[in-house]
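For reference, the structure discussed in these notes is given below.
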Amino acid sequence: MAQVYNENPVVFTASGSSIDSRLKSLRWLDDNTYDNEDEGGADVEPIDRDEIFDLIRNITDPEHPCSLEDLRVVSAPQVSVNRNTVVVEFTPTVPHCGMSTLIGLSIRVRLMRSLPARYKIDIFLKPGSHNSEQSVNRQLNDKERVAAALENQSLLASLETVLADVRPT
Amino acid sequence: MITKLHTLEGHEERAWQLAWNPVKPILASCSSDKTVRMYAYPPRPTPTPRFQHLTTVSTGHAKAVRCLAWAPSGKRLATGSFDAQIAVWEQEVPEGDEEEEEGGDARVGEEEWECMSSLEGHETECKSVAFSSTGGLLASCSRDKTVWIWEAGPECEFEVLSVLMEHTQDVKYLAWHPTDEILASASYDDTIKLYADDPDDDWYPFVTLKGHTSTIWSLAWSPCGDYLASSSDDKSIRIWTRLSENVWETVCVLEGVHERAVFSVSWGRGDKRLKGGLGWVASTGSDGKVCVWEVVKPQKKEPGDDSPSLPTAKLIASVDEAHGYHDVNCVAWCPRVGYEDMLATAGDDGNVSVWRVSRDSSDAEETS
C-alpha cells in the first residue's frame, strides 16, 4: 500500500466491552444456532445490532494497526437489522480515503462468513463522508463485482490481512 | 399461479444463468463452480415433464462461468467467465449421424461437449454472451466497458468485427433483436444502447435509452421484436419501444413489486389466445420473487383514433422465496412449442428450478 490516505487518524478508545460481550464476539454466529427459527420458537433470539457490531468492530484498518471501532469507522448505531436485511453504514476517516472500497468489502465479507446465509447485506458510506460516495456505494453493493473481487487472489490476500482482527483471542 | 415442477440440484456454488436450447429439449445452466450442467426433458409436451441430468461440462474456465448462450442451431454453446475468456462448445457428431436430429430427443446428450474455440480479448470479467438470430454473430461484453462483435465461421473460428466502447462503465448484459441485426447492451452506467451495422463502415450505437436510475442487469426483446424490457438495480422493469426514427421511450414501468435489485427478465409468448397480447414478461432478483406480467396492447377504441396505443402490463402471477432465502439470478421461458407456460430459474443456492405458470382463475374470463 504505497499511498497513505490518512497518516494521523484520530484514535478513539474502544468502548469497554465486558467479558461477556467479548466472549460473544469470539464465536461466529452460525447456522446451527440461528437457522431453526421455526422449530426453536421463542427461545431463539433474533440477531441484534450489537451482535452484528461485535462481528465487525475489530476488523483491522487497512492503513493502521487499529480497529475500525478505534477509528470510529464503524459504530453500533450505524448498524441496523430488519428481518433478514442487515444495513451497515461506515465512515471513512478522511473524505478522499482510497481504502473505502476495501474497508466496505471487508465488512461485507466478515458478515457473509459469519451470519446465516438468509441475511441480505447492504453496505453504505455515511452520507456526505466521502468524495466518491455514490461510486463506492455502488461497487460495494454490486453482487457481480463483489463475486468477481472474491475470485481475485491479490485482493483476497489484502482482505484476509484486514480480516485478521486487531484483538485476536 | 406459479407451480414448481422440479428442483434440479447439482451445482456446488451459485448458479448464475440458464439457457434453453432453441432446438433440442435441453436446459443448460452455468455456475461459479466453473461447470455447465445440462438436462434433457421430453420433446413432446406433457403436464409434468421429467428432467434428466445429461452431462456436466467442466469448462476449464479459471473462474466463475458467469454466462452462457446457445446458437440458434442449438448445436453450439458459448460460455463467458470472470476469467475474461469466452469458450465455444460443440458436440462431436459421429460420422453419418449428422442429418437426423430435427426436433431432437434425449439422445442428443450422448456425445461429449468439446471446447472448439477460445476467444480472448476482454481485459476483465466477461458478463454476457449472445448469438444473433442467424447465429452468424456472437456478441460479448465485460467489466472493461466494451462490447465485442465476433463473426462466427462454420468451423467454429471467430473473427472480431467490432469493439464498441460506448459505455462509461461495466457492460452487464447483451440481447440481440429476435429477427434484425440490432444489438442491445445494458450497463452499470444506467443506460441501454442499441447498435446496428453501417454496411459502409463499422457497427455504431444509434440510440441511448435513459430512464433507469441504477445498474441495468438484463434485457429481453418481445417475441414480436417491437419492444424491449429491461430490469435494474433500481427495483423496476421498464418496457421501451420506438416511437419514431431513433426515438425510443419507456412505455411501461413495472415497479413497487420487487423489493430489491431485479437481476433478470425474460419475455415469452404467453397466452396466444389473448387479443392484443404481447406475451408474458417474467422477472426475478435479489428479493427471491419470481413475477409474471402479462403485456397487452389495447385495441383501438374508435375508428380514426390516431393516438398511439401503448401497451399495459399486469402482474398475473408471482411466487415468493422461489429459491428459499437465496437471490434468484436468472429466469428464462422455455422456447419449445407446447411448453410456452414453462420457465426456469437459477439461484444462489446452486439450484435450477422449473416452474409452470397458469393465469389465476379470477382472470380466466378475460381470455375467452
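As shown in the C-alpha cells, the chain order sets the letters A, B, ...; within each chain, residues go from 1, and ligands are also counted from 1 in the order they appear.
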Report as a short mmCIF file (atom, residue, chain, number, x, y, z; two decimals) with C-alpha atoms, in the first residue's frame the set of chain A residues whose atoms approach chain B to within 12 Å, with distances computed over only C-alpha atoms.
```cif
data_model
loop_
_atom_site.label_atom_id
_atom_site.label_comp_id
_atom_site.auth_asym_id
_atom_site.auth_seq_id
_atom_site.Cartn_x
_atom_site.Cartn_y
_atom_site.Cartn_z
CA ASP A 35 -31.31 -21.29 11.42
CA ARG A 83 -35.86 -9.10 9.49
CA ASN A 84 -33.38 -10.64 7.08
CA THR A 85 -31.71 -7.44 5.95
CA PRO A 116 -26.59 -17.20 8.42
CA ALA A 117 -26.97 -17.15 4.65
CA ARG A 118 -30.52 -15.84 4.82
CA TYR A 119 -29.30 -12.31 5.57
CA LYS A 120 -29.09 -9.80 2.72
CA ILE A 121 -26.32 -7.33 3.46
CA ASP A 122 -26.24 -3.71 2.32
CA GLN A 134 -22.01 7.07 -4.91
CA SER A 135 -19.43 5.14 -6.82
CA ASN A 137 -21.63 2.50 -2.58
CA ARG A 138 -22.41 1.09 -5.94
CA GLN A 139 -19.35 -1.12 -6.10
CA ASN A 141 -23.46 -3.48 -3.39
CA ASP A 142 -22.93 -4.83 -6.90
CA LYS A 143 -23.19 -8.55 -6.42
CA GLU A 144 -21.34 -9.40 -9.59
CA ARG A 145 -18.41 -7.11 -8.78
CA VAL A 146 -18.21 -8.46 -5.24
CA ALA A 147 -18.25 -12.05 -6.54
CA ALA A 148 -15.50 -11.27 -9.05
CA ALA A 149 -13.44 -9.44 -6.44
CA LEU A 150 -13.54 -12.50 -4.21
CA GLU A 151 -12.02 -14.57 -7.04
CA ASN A 152 -9.13 -12.09 -7.28
CA GLN A 153 -6.26 -13.65 -5.34
#
```
- Non-local contacts of Glu159 in chain B (7 Å; only C-alpha atoms; under 6 positions in same chain excluded) as a PyMOL selection string: chain B and resi 150-152
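Near Glu7 in chain A, within 12 Å and counting only C-alpha atoms, sit Gln3, Val11, Pro62, Glu63, His64, Pro65, Thr93, Val94 and Cys97 of chain A, not including residues fewer than 4 positions from it in the same chain.
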Kindly save the residues from that selection, with N, CA and C atoms included, as a compact mmCIF listing (two decimals), in the first residue's frame.
```
# COMPACT_ATOMS: atom_id res chain seq x y z
N GLN A 3 0.34 4.45 -1.07
CA GLN A 3 -0.19 5.75 -0.68
C GLN A 3 -0.95 5.65 0.64
N VAL A 11 -7.39 8.37 17.02
CA VAL A 11 -7.73 7.06 17.57
C VAL A 11 -8.63 7.26 18.78
N PRO A 62 -7.04 -0.90 7.08
CA PRO A 62 -6.00 -1.28 6.12
C PRO A 62 -4.72 -0.46 6.29
N GLU A 63 -4.79 0.73 6.87
CA GLU A 63 -3.60 1.58 6.93
C GLU A 63 -2.96 1.67 8.31
N HIS A 64 -3.65 1.26 9.34
CA HIS A 64 -3.16 1.48 10.70
C HIS A 64 -3.40 0.24 11.55
N PRO A 65 -2.58 0.04 12.54
CA PRO A 65 -2.80 -1.13 13.40
C PRO A 65 -3.92 -0.87 14.41
N THR A 93 -12.13 7.79 7.53
CA THR A 93 -11.51 8.81 8.39
C THR A 93 -11.26 10.11 7.63
N VAL A 94 -11.06 10.02 6.32
CA VAL A 94 -10.92 11.23 5.50
C VAL A 94 -11.78 11.07 4.25
N CYS A 97 -10.55 9.00 1.19
CA CYS A 97 -9.94 7.72 1.56
C CYS A 97 -10.06 6.70 0.44
```
- How far is it from CA of Ile216 in chain B to CA of Gly80 in chain B, in Å with one decimal? 18.6 Å
- For Val331 in chain B, work out the shell of residues within 10 Å, counting only C-alpha atoms and skipping chain neighbours fewer than 4 positions away, then give it as a PyMOL selection string. chain B and resi 17-19+263-267+281-285+290-291+343-347+352-354
- Message: Based on the backbone DSSP call, show me all residues of range 30-253 of chain B assigned helix (DSSP H, G or I), as an NGL selection string.
- Response: :B and (106-109)
Those same residues - all heavy atoms - I'd like them written as a PDB file, in the first residue's frame.
```pdb
ATOM      1  N   ALA B 106     -33.881 -36.989 -26.511  1.00  0.00           N
ATOM      2  CA  ALA B 106     -32.891 -37.007 -25.437  1.00  0.00           C
ATOM      3  C   ALA B 106     -31.542 -37.593 -25.840  1.00  0.00           C
ATOM      4  O   ALA B 106     -30.555 -37.401 -25.160  1.00  0.00           O
ATOM      5  CB  ALA B 106     -33.440 -37.752 -24.233  1.00  0.00           C
ATOM      6  N   ARG B 107     -31.482 -38.304 -26.994  1.00  0.00           N
ATOM      7  CA  ARG B 107     -30.206 -38.902 -27.384  1.00  0.00           C
ATOM      8  C   ARG B 107     -29.133 -37.857 -27.679  1.00  0.00           C
ATOM      9  O   ARG B 107     -27.949 -38.174 -27.750  1.00  0.00           O
ATOM     10  CB  ARG B 107     -30.376 -39.813 -28.601  1.00  0.00           C
ATOM     11  CG  ARG B 107     -31.225 -39.220 -29.701  1.00  0.00           C
ATOM     12  CD  ARG B 107     -31.381 -40.191 -30.847  1.00  0.00           C
ATOM     13  NE  ARG B 107     -30.195 -40.186 -31.669  1.00  0.00           N
ATOM     14  CZ  ARG B 107     -29.457 -41.250 -31.952  1.00  0.00           C
ATOM     15  NH1 ARG B 107     -29.796 -42.396 -31.474  1.00  0.00           N
ATOM     16  NH2 ARG B 107     -28.406 -41.163 -32.734  1.00  0.00           N
ATOM     17  N   VAL B 108     -29.576 -36.591 -27.801  1.00  0.00           N
ATOM     18  CA  VAL B 108     -28.625 -35.509 -28.005  1.00  0.00           C
ATOM     19  C   VAL B 108     -27.549 -35.457 -26.943  1.00  0.00           C
ATOM     20  O   VAL B 108     -26.512 -34.867 -27.150  1.00  0.00           O
ATOM     21  CB  VAL B 108     -29.343 -34.144 -28.013  1.00  0.00           C
ATOM     22  CG1 VAL B 108     -30.131 -33.981 -29.288  1.00  0.00           C
ATOM     23  CG2 VAL B 108     -30.237 -34.012 -26.806  1.00  0.00           C
ATOM     24  N   GLY B 109     -27.783 -36.070 -25.828  1.00  0.00           N
ATOM     25  CA  GLY B 109     -26.830 -35.910 -24.736  1.00  0.00           C
ATOM     26  C   GLY B 109     -25.662 -36.866 -24.788  1.00  0.00           C
ATOM     27  O   GLY B 109     -24.743 -36.770 -23.999  1.00  0.00           O
TER      28      GLY B 109
END
```
- Extract, using only C-alpha atoms, all DNA, RNA and protein residues at most 9 Å from Ser132 in chain B, discarding same-chain residues fewer than 2 positions from it, and format them as a list in words. Ala71, Pro72, Ala130, Thr134, Gly135, Gly136, Leu137, Leu138, Ala139, Ala175, Trp176, His177, Pro178, Thr179, Asp180, Glu181, Ile182 and Leu183 of chain B
- Item | CA of Thr168 in chain B to CA of Tyr5 in chain A, straight-line distance in Å |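 Computing it gives 26.6 Å between the two atoms.
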- Message: as an MDAnalysis selection string, please: the residues near Gly288 in chain B (cut-off 6 Å, only C-alpha atoms, same-chain neighbours under 4 positions excluded).
- Response: chainID B and resid 321:322 327:328
Put those residues in a file: all heavy atoms, as a PDB file, in the first residue's frame.
```
ATOM      1  N   GLU B 321     -39.874 -16.298  -2.411  1.00  0.00           N
ATOM      2  CA  GLU B 321     -38.872 -17.267  -1.970  1.00  0.00           C
ATOM      3  C   GLU B 321     -38.764 -18.451  -2.928  1.00  0.00           C
ATOM      4  O   GLU B 321     -38.829 -19.616  -2.532  1.00  0.00           O
ATOM      5  CB  GLU B 321     -39.189 -17.743  -0.549  1.00  0.00           C
ATOM      6  CG  GLU B 321     -39.178 -16.580   0.431  1.00  0.00           C
ATOM      7  CD  GLU B 321     -39.314 -17.022   1.892  1.00  0.00           C
ATOM      8  OE1 GLU B 321     -39.615 -18.191   2.136  1.00  0.00           O
ATOM      9  OE2 GLU B 321     -39.103 -16.174   2.767  1.00  0.00           O
ATOM     10  N   ALA B 322     -38.601 -18.116  -4.192  1.00  0.00           N
ATOM     11  CA  ALA B 322     -38.530 -19.159  -5.219  1.00  0.00           C
ATOM     12  C   ALA B 322     -37.341 -20.099  -4.974  1.00  0.00           C
ATOM     13  O   ALA B 322     -37.408 -21.285  -5.292  1.00  0.00           O
ATOM     14  CB  ALA B 322     -38.427 -18.522  -6.604  1.00  0.00           C
ATOM     15  N   ASP B 327     -30.954 -15.281  -3.377  1.00  0.00           N
ATOM     16  CA  ASP B 327     -31.162 -14.474  -4.581  1.00  0.00           C
ATOM     17  C   ASP B 327     -31.474 -15.402  -5.755  1.00  0.00           C
ATOM     18  O   ASP B 327     -30.933 -16.504  -5.842  1.00  0.00           O
ATOM     19  CB  ASP B 327     -29.876 -13.738  -4.972  1.00  0.00           C
ATOM     20  CG  ASP B 327     -29.524 -12.594  -4.050  1.00  0.00           C
ATOM     21  OD1 ASP B 327     -30.100 -12.505  -2.952  1.00  0.00           O
ATOM     22  OD2 ASP B 327     -28.659 -11.789  -4.443  1.00  0.00           O
ATOM     23  N   VAL B 328     -32.297 -14.895  -6.672  1.00  0.00           N
ATOM     24  CA  VAL B 328     -32.504 -15.615  -7.926  1.00  0.00           C
ATOM     25  C   VAL B 328     -31.826 -14.790  -9.019  1.00  0.00           C
ATOM     26  O   VAL B 328     -32.099 -13.596  -9.164  1.00  0.00           O
ATOM     27  CB  VAL B 328     -33.991 -15.831  -8.229  1.00  0.00           C
ATOM     28  CG1 VAL B 328     -34.149 -16.732  -9.445  1.00  0.00           C
ATOM     29  CG2 VAL B 328     -34.700 -16.447  -7.022  1.00  0.00           C
TER      30      VAL B 328
END
```
- Distance CA of Lys145 in chain B-CA of Val109 in chain A, one decimal place? 26.0 Å
- Item | Near-Ser132 in chain A list (10 Å; only C-alpha atoms; drop same-chain fewer than 6 positions) as a ChimeraX atom specification | /A:95-98,100,125
